[in-house]
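The block underneath contains the structure these notes are about, expressed in structure tokens.
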Amino acid sequence: MNYSAANSDLAALRAPCLGTSLAVAKRLAKATGNTATLNRAITDFKDQIGESLTVNLDGPVARVVIMGGAEECGPTQYRKLATLLAQKLAAMNIAQAAVHLLSTKIKSHNTAWKAQALMQALSHASYRFNHYKSKPKQPVALKRVRLLAGQADQKALRAAIKLGNALDAGLALAKDLGNEPSNVCTPTYLLGQARKIARSKDVSLTALDEKKMLSLGMGAFMSVSQGSDQPGKMIILRYNGGKKADAPIALVGKGITFDTGGISLKPPPAMDEMKFDMCGAAAVLGVTKAAIDAQLPINLVTVVAAAENMPSGRATRPGDIVTSASGQTIEILNTDAEGRLVLCDALTHVQTYKPKAIIDVATLTGACIMALGSHASGLFANDDELADAITAAGETSGDRSWRLPLWDEYQASLNTNFADMANVGGGGAGSVTAACFLSRFVKGQKWAHMDIAGSSFHKGGAKGSSGRPVAQLFAYLVAQSGLN
Ligand code: BES
Ligand code: MN
Ligand code: ZN
């Protein structure tokens with residue numbers, strides 16, 4: 001999708017379709033001699049959130065989609081209205097549309113926020129993954145959307161649109177990577193995708209192959225990767241958009257391109273969904289692309305821990321003990337708790353870049369789905385300020401997380417007689433004990449962990465990657481840039 005800013009002069013507007021409020025539709029009708037047509041059409045229209053009405057007009061605006069309740073509402077209602085409009089526009093056979101909805105009054109939410117909400121809704125509604133369909137069922141014709149605002153709002157709108165276009169590209173990348181099947185999206189494929197991102201200005205890439213990882217002592221990562229014929233990769237992207245001396249923000253993604261469970265094999269039902277086990281990697285790559293496209297004035301280091309978790313004659317057995325890059329030893333009691341094993345070595349490695357904050361993103365535990373379902377990503381942090389900033393970015397973007405505890409009391413569940421720790425905790429709170437495991441590999445740094453097992457993909461009829469938490473992380477990076 002391509003977003004652009006335009007002036008809200010209704011008399012001069014030409015568009016195949018305009019999405020707007022009832023009040024603006026009436027003004028448009030008056031300006032274009034359509035008052036009688038409009039009045040006939042709206043006799044039964046309820047001007048409420050959730051209602052909408054499409055009216056064909058004569059003149060330079062061929063039709064108008066009237067959104068109920070768009071005069072004044074709350075932020076949640078505005079998102080609802082934006083989603084409804086986006087679905088309508090995406091279902092029409094038009095290549096471009098205009099949207100005049102930035103004058104809605106929402107307490108303490110400005111033009112930039114409204115523009116962001118509209119663009120995000122449009123990006124989601126217009127996304128399709130049709131790479132493997134001989135005859136795509138519902139292709140989307142919509143390619144361009146102009147957002148209309150008054151003169152005074154143009155500057156803010158143009159800044160928001162730059163961010164909106166960048167986020168659109170980042171979301172699409174994250175969803176595409178998530179939706180690709182595991183016979184295509186391998187660790188090597190993820191490396192190729194990172195290489196594409198690295199072609200941009202101010203970006204560099206380092207890839208660690210298995211030989212290099214062995215030499216760095218990454219025994220935890222290798223214990224996962226060794227069972228697969230696909231070589232594992234540790235991918236490091238650096239974006240330097242900020243000042244040279246600024247410490248980078250570090251993003252770390254779990255990139256298990258398929259999770260069979262390993263020797264602790266998963267049961268067959270829904271095992272196909274384990275192609276989404278690289279959605280953390282997809283999210284950090286997506287938001288990195290968005291940050292680069294938006295030219296955010298920050299430094300980033302993005303690490304993807306990419307491996308396939310397979311059973312084989314070379315696979316790790318339950319009870320095997322490995323040494324992580326940190327030097328700590330791990331008894332692998334369950335080979336299906338593999339995410340934390342690849343992540344702990346990635347966390348150790350990323351700290352060599354002296355980041356000012358580390359955020360890892362992972363489809364880490366089924367327990368997180370039990371706790372939070374799909375509406376919230378799980379959030380853990382060893383620093384309240386970092387947790388609050390990520391939570392706030394969730395509210396801004398509507399892509400939300402909920403914080404869970406990282407209390408010391410939970411750490412003991414990782415004790416074992418045979419190594420420094422086990423890779424699974426006993427006694428419930430599986431998401432918390434997984435986060436506790438990760439916390440042991442972060443030394444004196446601000447760190448947050450996001451468990452996106454429930455939020456990163458849809459199940460059932462709408463099965464597919466959600467692109468989460470790209471929007472949330474992007475809002476966090478924008479806030480860190482001092483742009484909002
Ligand atoms: N990738 C899974 C977690 C997952 C489950 C993500 C469902 C998305 C949907 C992870 O590697 C895993 O298998 N976790 C185990 C941990 C357990 C063995 C301690 C789990 O949640 O069952
Ligand atoms: Mn697993
Ligand atoms: Zn997994």
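Residues in the structure tokens are named by chain (A, B, ... in the order shown) and by number from 1 within that chain; ligands are numbered from 1 in the order shown.
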Residues of chain A that approach ligand 3 to 10 Å or less, counting only C-alpha atoms and all ligand atoms: could you list each one with the shortest pair of atoms and its distance in Å to one decimal, rows by chain and increasing residue number, as a tab-separated table?
residue	atom	partner	partner_atom_place_in_ligand_line	distance
A:Lys254	CA	ligand 3	1 (Zn)	8.3
A:Gly255	CA	ligand 3	1 (Zn)	8.8
A:Ile256	CA	ligand 3	1 (Zn)	6.3
A:Thr257	CA	ligand 3	1 (Zn)	8.9
A:Phe258	CA	ligand 3	1 (Zn)	7.7
A:Asp259	CA	ligand 3	1 (Zn)	5.2
A:Thr260	CA	ligand 3	1 (Zn)	8.1
A:Gly261	CA	ligand 3	1 (Zn)	7.1
A:Gly262	CA	ligand 3	1 (Zn)	9.9
A:Met274	CA	ligand 3	1 (Zn)	7.1
A:Lys275	CA	ligand 3	1 (Zn)	9.4
A:Phe276	CA	ligand 3	1 (Zn)	8.9
A:Asp277	CA	ligand 3	1 (Zn)	5.4
A:Met278	CA	ligand 3	1 (Zn)	8.2
A:Glu308	CA	ligand 3	1 (Zn)	9.4
A:Asn309	CA	ligand 3	1 (Zn)	7.9
A:Thr335	CA	ligand 3	1 (Zn)	9.5
A:Asp336	CA	ligand 3	1 (Zn)	6.5
A:Ala337	CA	ligand 3	1 (Zn)	6.5
A:Glu338	CA	ligand 3	1 (Zn)	5.8
A:Gly339	CA	ligand 3	1 (Zn)	5.1
A:Arg340	CA	ligand 3	1 (Zn)	8.5
A:Leu341	CA	ligand 3	1 (Zn)	10.0
A:Val342	CA	ligand 3	1 (Zn)	9.9
A:Ala362	CA	ligand 3	1 (Zn)	8.4
A:Thr363	CA	ligand 3	1 (Zn)	6.4
A:Leu364	CA	ligand 3	1 (Zn)	5.8
A:Thr365	CA	ligand 3	1 (Zn)	7.3
A:Gly366	CA	ligand 3	1 (Zn)	9.1
A:Ala453	CA	ligand 3	1 (Zn)	8.8
Running DSSP on the backbone, which parts of stretch 18-114 of chain A land in alpha helix (DSSP H), as number ranges by chain?
-> A: 22-31, 35-41, 75-91, 111-114
Convert the current residue selection to file output with N, CA and C atoms, as a CSV table (one decimal), in the first residue's frame.
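Output file result-v9.csv follows:
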chain,number,residue,atom,x,y,z
A,22,LEU,N,-20.3,11.3,8.3
A,22,LEU,CA,-21.6,11.8,7.8
A,22,LEU,C,-21.6,13.3,7.5
A,23,ALA,N,-21.0,14.0,8.4
A,23,ALA,CA,-21.0,15.5,8.3
A,23,ALA,C,-20.2,15.9,7.0
A,24,VAL,N,-19.0,15.3,6.8
A,24,VAL,CA,-18.2,15.6,5.7
A,24,VAL,C,-18.9,15.1,4.4
A,25,ALA,N,-19.5,14.0,4.4
A,25,ALA,CA,-20.3,13.5,3.3
A,25,ALA,C,-21.3,14.5,2.8
A,26,LYS,N,-22.0,15.1,3.8
A,26,LYS,CA,-23.0,16.1,3.5
A,26,LYS,C,-22.4,17.3,2.8
A,27,ARG,N,-21.2,17.7,3.3
A,27,ARG,CA,-20.5,18.9,2.7
A,27,ARG,C,-20.1,18.6,1.3
A,28,LEU,N,-19.6,17.3,1.1
A,28,LEU,CA,-19.2,16.9,-0.2
A,28,LEU,C,-20.4,16.9,-1.2
A,29,ALA,N,-21.5,16.4,-0.7
A,29,ALA,CA,-22.7,16.3,-1.5
A,29,ALA,C,-23.1,17.7,-1.9
A,30,LYS,N,-23.0,18.6,-1.0
A,30,LYS,CA,-23.4,20.0,-1.3
A,30,LYS,C,-22.5,20.6,-2.4
A,31,ALA,N,-21.2,20.4,-2.2
A,31,ALA,CA,-20.2,20.9,-3.1
A,31,ALA,C,-20.3,20.3,-4.5
A,35,THR,N,-26.8,16.6,-3.0
A,35,THR,CA,-27.5,16.6,-1.8
A,35,THR,C,-28.8,15.8,-1.8
A,36,ALA,N,-29.6,15.9,-2.9
A,36,ALA,CA,-30.8,15.1,-2.9
A,36,ALA,C,-30.5,13.6,-2.9
A,37,THR,N,-29.5,13.2,-3.7
A,37,THR,CA,-29.1,11.7,-3.7
A,37,THR,C,-28.7,11.3,-2.3
A,38,LEU,N,-27.9,12.1,-1.7
A,38,LEU,CA,-27.4,11.7,-0.3
A,38,LEU,C,-28.5,11.6,0.7
A,39,ASN,N,-29.4,12.6,0.7
A,39,ASN,CA,-30.5,12.6,1.6
A,39,ASN,C,-31.4,11.4,1.5
A,40,ARG,N,-31.6,11.0,0.2
A,40,ARG,CA,-32.5,9.8,0.0
A,40,ARG,C,-31.8,8.5,0.6
A,41,ALA,N,-30.4,8.5,0.4
A,41,ALA,CA,-29.7,7.3,0.8
A,41,ALA,C,-29.6,7.2,2.3
A,75,PRO,N,-10.5,6.2,21.3
A,75,PRO,CA,-9.5,5.6,20.5
A,75,PRO,C,-9.8,4.2,20.0
A,76,THR,N,-10.4,3.4,20.9
A,76,THR,CA,-10.8,2.0,20.6
A,76,THR,C,-11.9,2.0,19.5
A,77,GLN,N,-12.8,2.9,19.6
A,77,GLN,CA,-13.9,3.0,18.6
A,77,GLN,C,-13.3,3.5,17.3
A,78,TYR,N,-12.4,4.4,17.4
A,78,TYR,CA,-11.8,4.9,16.1
A,78,TYR,C,-11.1,3.8,15.4
A,79,ARG,N,-10.4,2.9,16.1
A,79,ARG,CA,-9.7,1.8,15.5
A,79,ARG,C,-10.7,0.8,14.8
A,80,LYS,N,-11.8,0.7,15.5
A,80,LYS,CA,-12.9,-0.2,15.0
A,80,LYS,C,-13.4,0.4,13.6
A,81,LEU,N,-13.7,1.7,13.7
A,81,LEU,CA,-14.1,2.4,12.5
A,81,LEU,C,-13.1,2.3,11.3
A,82,ALA,N,-11.9,2.4,11.7
A,82,ALA,CA,-10.8,2.4,10.7
A,82,ALA,C,-10.7,1.0,10.1
A,83,THR,N,-10.9,-0.1,10.9
A,83,THR,CA,-10.8,-1.4,10.4
A,83,THR,C,-12.0,-1.7,9.5
A,84,LEU,N,-13.2,-1.2,9.9
A,84,LEU,CA,-14.4,-1.4,9.1
A,84,LEU,C,-14.2,-0.8,7.7
A,85,LEU,N,-13.7,0.5,7.7
A,85,LEU,CA,-13.5,1.2,6.5
A,85,LEU,C,-12.5,0.5,5.6
A,86,ALA,N,-11.4,0.1,6.2
A,86,ALA,CA,-10.3,-0.6,5.5
A,86,ALA,C,-10.8,-1.8,4.8
A,87,GLN,N,-11.6,-2.6,5.5
A,87,GLN,CA,-12.2,-3.8,4.9
A,87,GLN,C,-13.1,-3.5,3.7
A,88,LYS,N,-13.9,-2.4,3.9
A,88,LYS,CA,-14.8,-2.0,2.7
A,88,LYS,C,-13.9,-1.6,1.5
A,89,LEU,N,-12.9,-0.8,1.7
A,89,LEU,CA,-12.1,-0.3,0.6
A,89,LEU,C,-11.4,-1.4,0.0
A,90,ALA,N,-10.9,-2.3,0.8
A,90,ALA,CA,-10.1,-3.5,0.2
A,90,ALA,C,-11.0,-4.4,-0.6
A,91,ALA,N,-12.3,-4.4,-0.3
A,91,ALA,CA,-13.2,-5.3,-1.1
A,91,ALA,C,-13.7,-4.7,-2.4
A,111,THR,N,-3.5,14.2,15.2
A,111,THR,CA,-3.6,13.9,13.8
A,111,THR,C,-2.7,12.7,13.5
A,112,ALA,N,-1.5,12.7,14.0
A,112,ALA,CA,-0.5,11.7,13.7
A,112,ALA,C,-1.0,10.3,14.2
A,113,TRP,N,-1.6,10.3,15.4
A,113,TRP,CA,-2.2,9.1,15.9
A,113,TRP,C,-3.3,8.5,15.0
A,114,LYS,N,-4.2,9.5,14.7
A,114,LYS,CA,-5.3,9.0,13.8
A,114,LYS,C,-4.9,8.5,12.5
List the neighbours of stretch 378-391 of chain A out to 7 Å using only C-alpha atoms; skip same-chain residues closer than 5 positions along the sequence, and give me the result as a ChimeraX atom specification.
-> /A:368,400-406,435,446-452,476
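The shortest atom-to-atom distance to A:Asp399, with only C-alpha atoms taken into account, belongs to A:Leu473 out of A:Met310, A:Ala412, A:Ala462, A:Leu473.
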List every residue of stretch 81-113 of chain A that DSSP, applied to the backbone, labels as strand (DSSP E or B), and write the result as an MDAnalysis selection string.
-> chainID A and resid 96:100 105
May I have the residues from that selection written out with C-alpha atoms, as a compact mmCIF listing (two decimals), in the first residue's frame?
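Written output follows (again-v4.txt):
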# COMPACT_ATOMS: atom_id res chain seq x y z
CA GLN A 96 -7.03 4.18 -5.15
CA ALA A 97 -9.15 5.88 -2.53
CA ALA A 98 -9.25 8.97 -0.37
CA VAL A 99 -9.96 9.08 3.35
CA HIS A 100 -11.19 12.16 5.17
CA LYS A 105 -12.41 14.47 17.79
Residues within 12 Å of A:Ile249, only C-alpha atoms, excluding chain neighbours under 2 positions, as a VMD selection string = chain A and resid 237 to 242 246 to 247 251 to 252 284 288 291 297 to 303 350 to 351 353 to 360 386 445 to 448 473 476 to 478 480 to 481
Find, counting only C-alpha atoms, the residue in A:Ala283, A:Glu71, A:Gly50, A:Ile236 that gets nearest to A:Ala174.
-> A:Ala283
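Closest approach to ligand 2 from the set A:Ala121, A:Leu147, A:Ala62, A:Ile263 is made by A:Ile263, with distances taken over only C-alpha atoms and all ligand atoms.
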Name the residues in contact with A:Ala419 at a cut-off of 6 Å, using only C-alpha atoms, excluding same-chain residues fewer than 2 positions from it; report them as a VMD selection string.
-> chain A and resid 329 to 331 421
How about saving the chosen residues, all heavy atoms kept, as a short mmCIF file (atom, residue, chain, number, x, y, z; two decimals), in the first residue's frame?
data_model
loop_
_atom_site.label_atom_id
_atom_site.label_comp_id
_atom_site.auth_asym_id
_atom_site.auth_seq_id
_atom_site.Cartn_x
_atom_site.Cartn_y
_atom_site.Cartn_z
N THR A 329 26.13 -24.29 32.00
CA THR A 329 25.75 -25.59 31.43
C THR A 329 24.23 -25.80 31.58
O THR A 329 23.60 -25.33 32.52
CB THR A 329 26.48 -26.74 32.13
OG1 THR A 329 26.19 -26.68 33.54
CG2 THR A 329 27.98 -26.65 31.91
N ILE A 330 23.68 -26.53 30.62
CA ILE A 330 22.22 -26.73 30.56
C ILE A 330 21.92 -28.21 30.35
O ILE A 330 22.45 -28.83 29.41
CB ILE A 330 21.61 -25.94 29.39
CG1 ILE A 330 21.95 -24.45 29.48
CG2 ILE A 330 20.08 -26.13 29.34
CD1 ILE A 330 21.76 -23.70 28.17
N GLU A 331 21.09 -28.76 31.21
CA GLU A 331 20.59 -30.12 30.98
C GLU A 331 19.28 -29.99 30.19
O GLU A 331 18.32 -29.35 30.64
CB GLU A 331 20.32 -30.84 32.31
CG GLU A 331 19.91 -32.29 32.09
CD GLU A 331 19.47 -32.99 33.38
OE1 GLU A 331 19.11 -32.29 34.34
OE2 GLU A 331 19.48 -34.23 33.41
N MET A 421 21.60 -25.56 35.14
CA MET A 421 20.14 -25.38 35.08
C MET A 421 19.56 -26.41 34.11
O MET A 421 20.28 -26.95 33.27
CB MET A 421 19.78 -23.96 34.62
CG MET A 421 20.10 -23.69 33.17
SD MET A 421 20.04 -21.94 32.75
CE MET A 421 21.72 -21.44 33.12
#
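Nearest residue to ligand 2 among A:Ile292, A:Leu483, A:Ala367, A:Leu414 is A:Ala367, counting only C-alpha atoms and all ligand atoms.
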Residues at most 7 Å from A:Ser466, counting only C-alpha atoms, excluding those fewer than 6 positions away in the same chain, as a ChimeraX atom specification?
-> /A:175,456-458
Can you work out the spacing between atom CA of A:Gly444 and atom CA of A:Ser324 in Å, to one decimal?
-> 18.1 Å
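Using only C-alpha atoms and all ligand atoms, the shortest contact distance between ligand 1 and any of A:Leu296, A:Leu214, A:Leu333, A:Ala376 is found at A:Leu333.
Residues in contact with A:Ala172 at 8 Å, where only C-alpha atoms are counted and same-chain residues fewer than 5 positions away are skipped, are listed as Tyr127, Gly286 and Gly467 of chain A.
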Residues of the last selection are to be written out with N, CA, C and O atoms, as a tab-separated table (two decimals), in the first residue's frame.
chain	number	residue	atom	x	y	z
A	127	TYR	N	-3.62	-6.75	3.04
A	127	TYR	CA	-2.57	-7.77	2.91
A	127	TYR	C	-3.16	-9.11	2.46
A	127	TYR	O	-4.17	-9.56	2.98
A	286	GLY	N	11.09	-7.43	10.29
A	286	GLY	CA	10.08	-6.50	9.79
A	286	GLY	C	10.23	-5.11	10.39
A	286	GLY	O	10.21	-4.10	9.66
A	467	GLY	N	1.60	-10.45	11.89
A	467	GLY	CA	2.56	-9.34	11.81
A	467	GLY	C	2.89	-8.74	13.17
A	467	GLY	O	3.68	-7.80	13.26
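Using only C-alpha atoms for every distance, the candidate list A:Ala307, A:Leu122, A:Val470, A:Ala70 yields A:Leu122 as the residue closest to A:Leu142.
Computed from the coordinates, the atom CA of A:Asp293 to atom CA of A:Ala198 distance equals 11.6 Å.
Atom pair atom CA of A:Ile49 / atom CA of A:Cys17 has a distance of 20.0 Å (rounded to one decimal).
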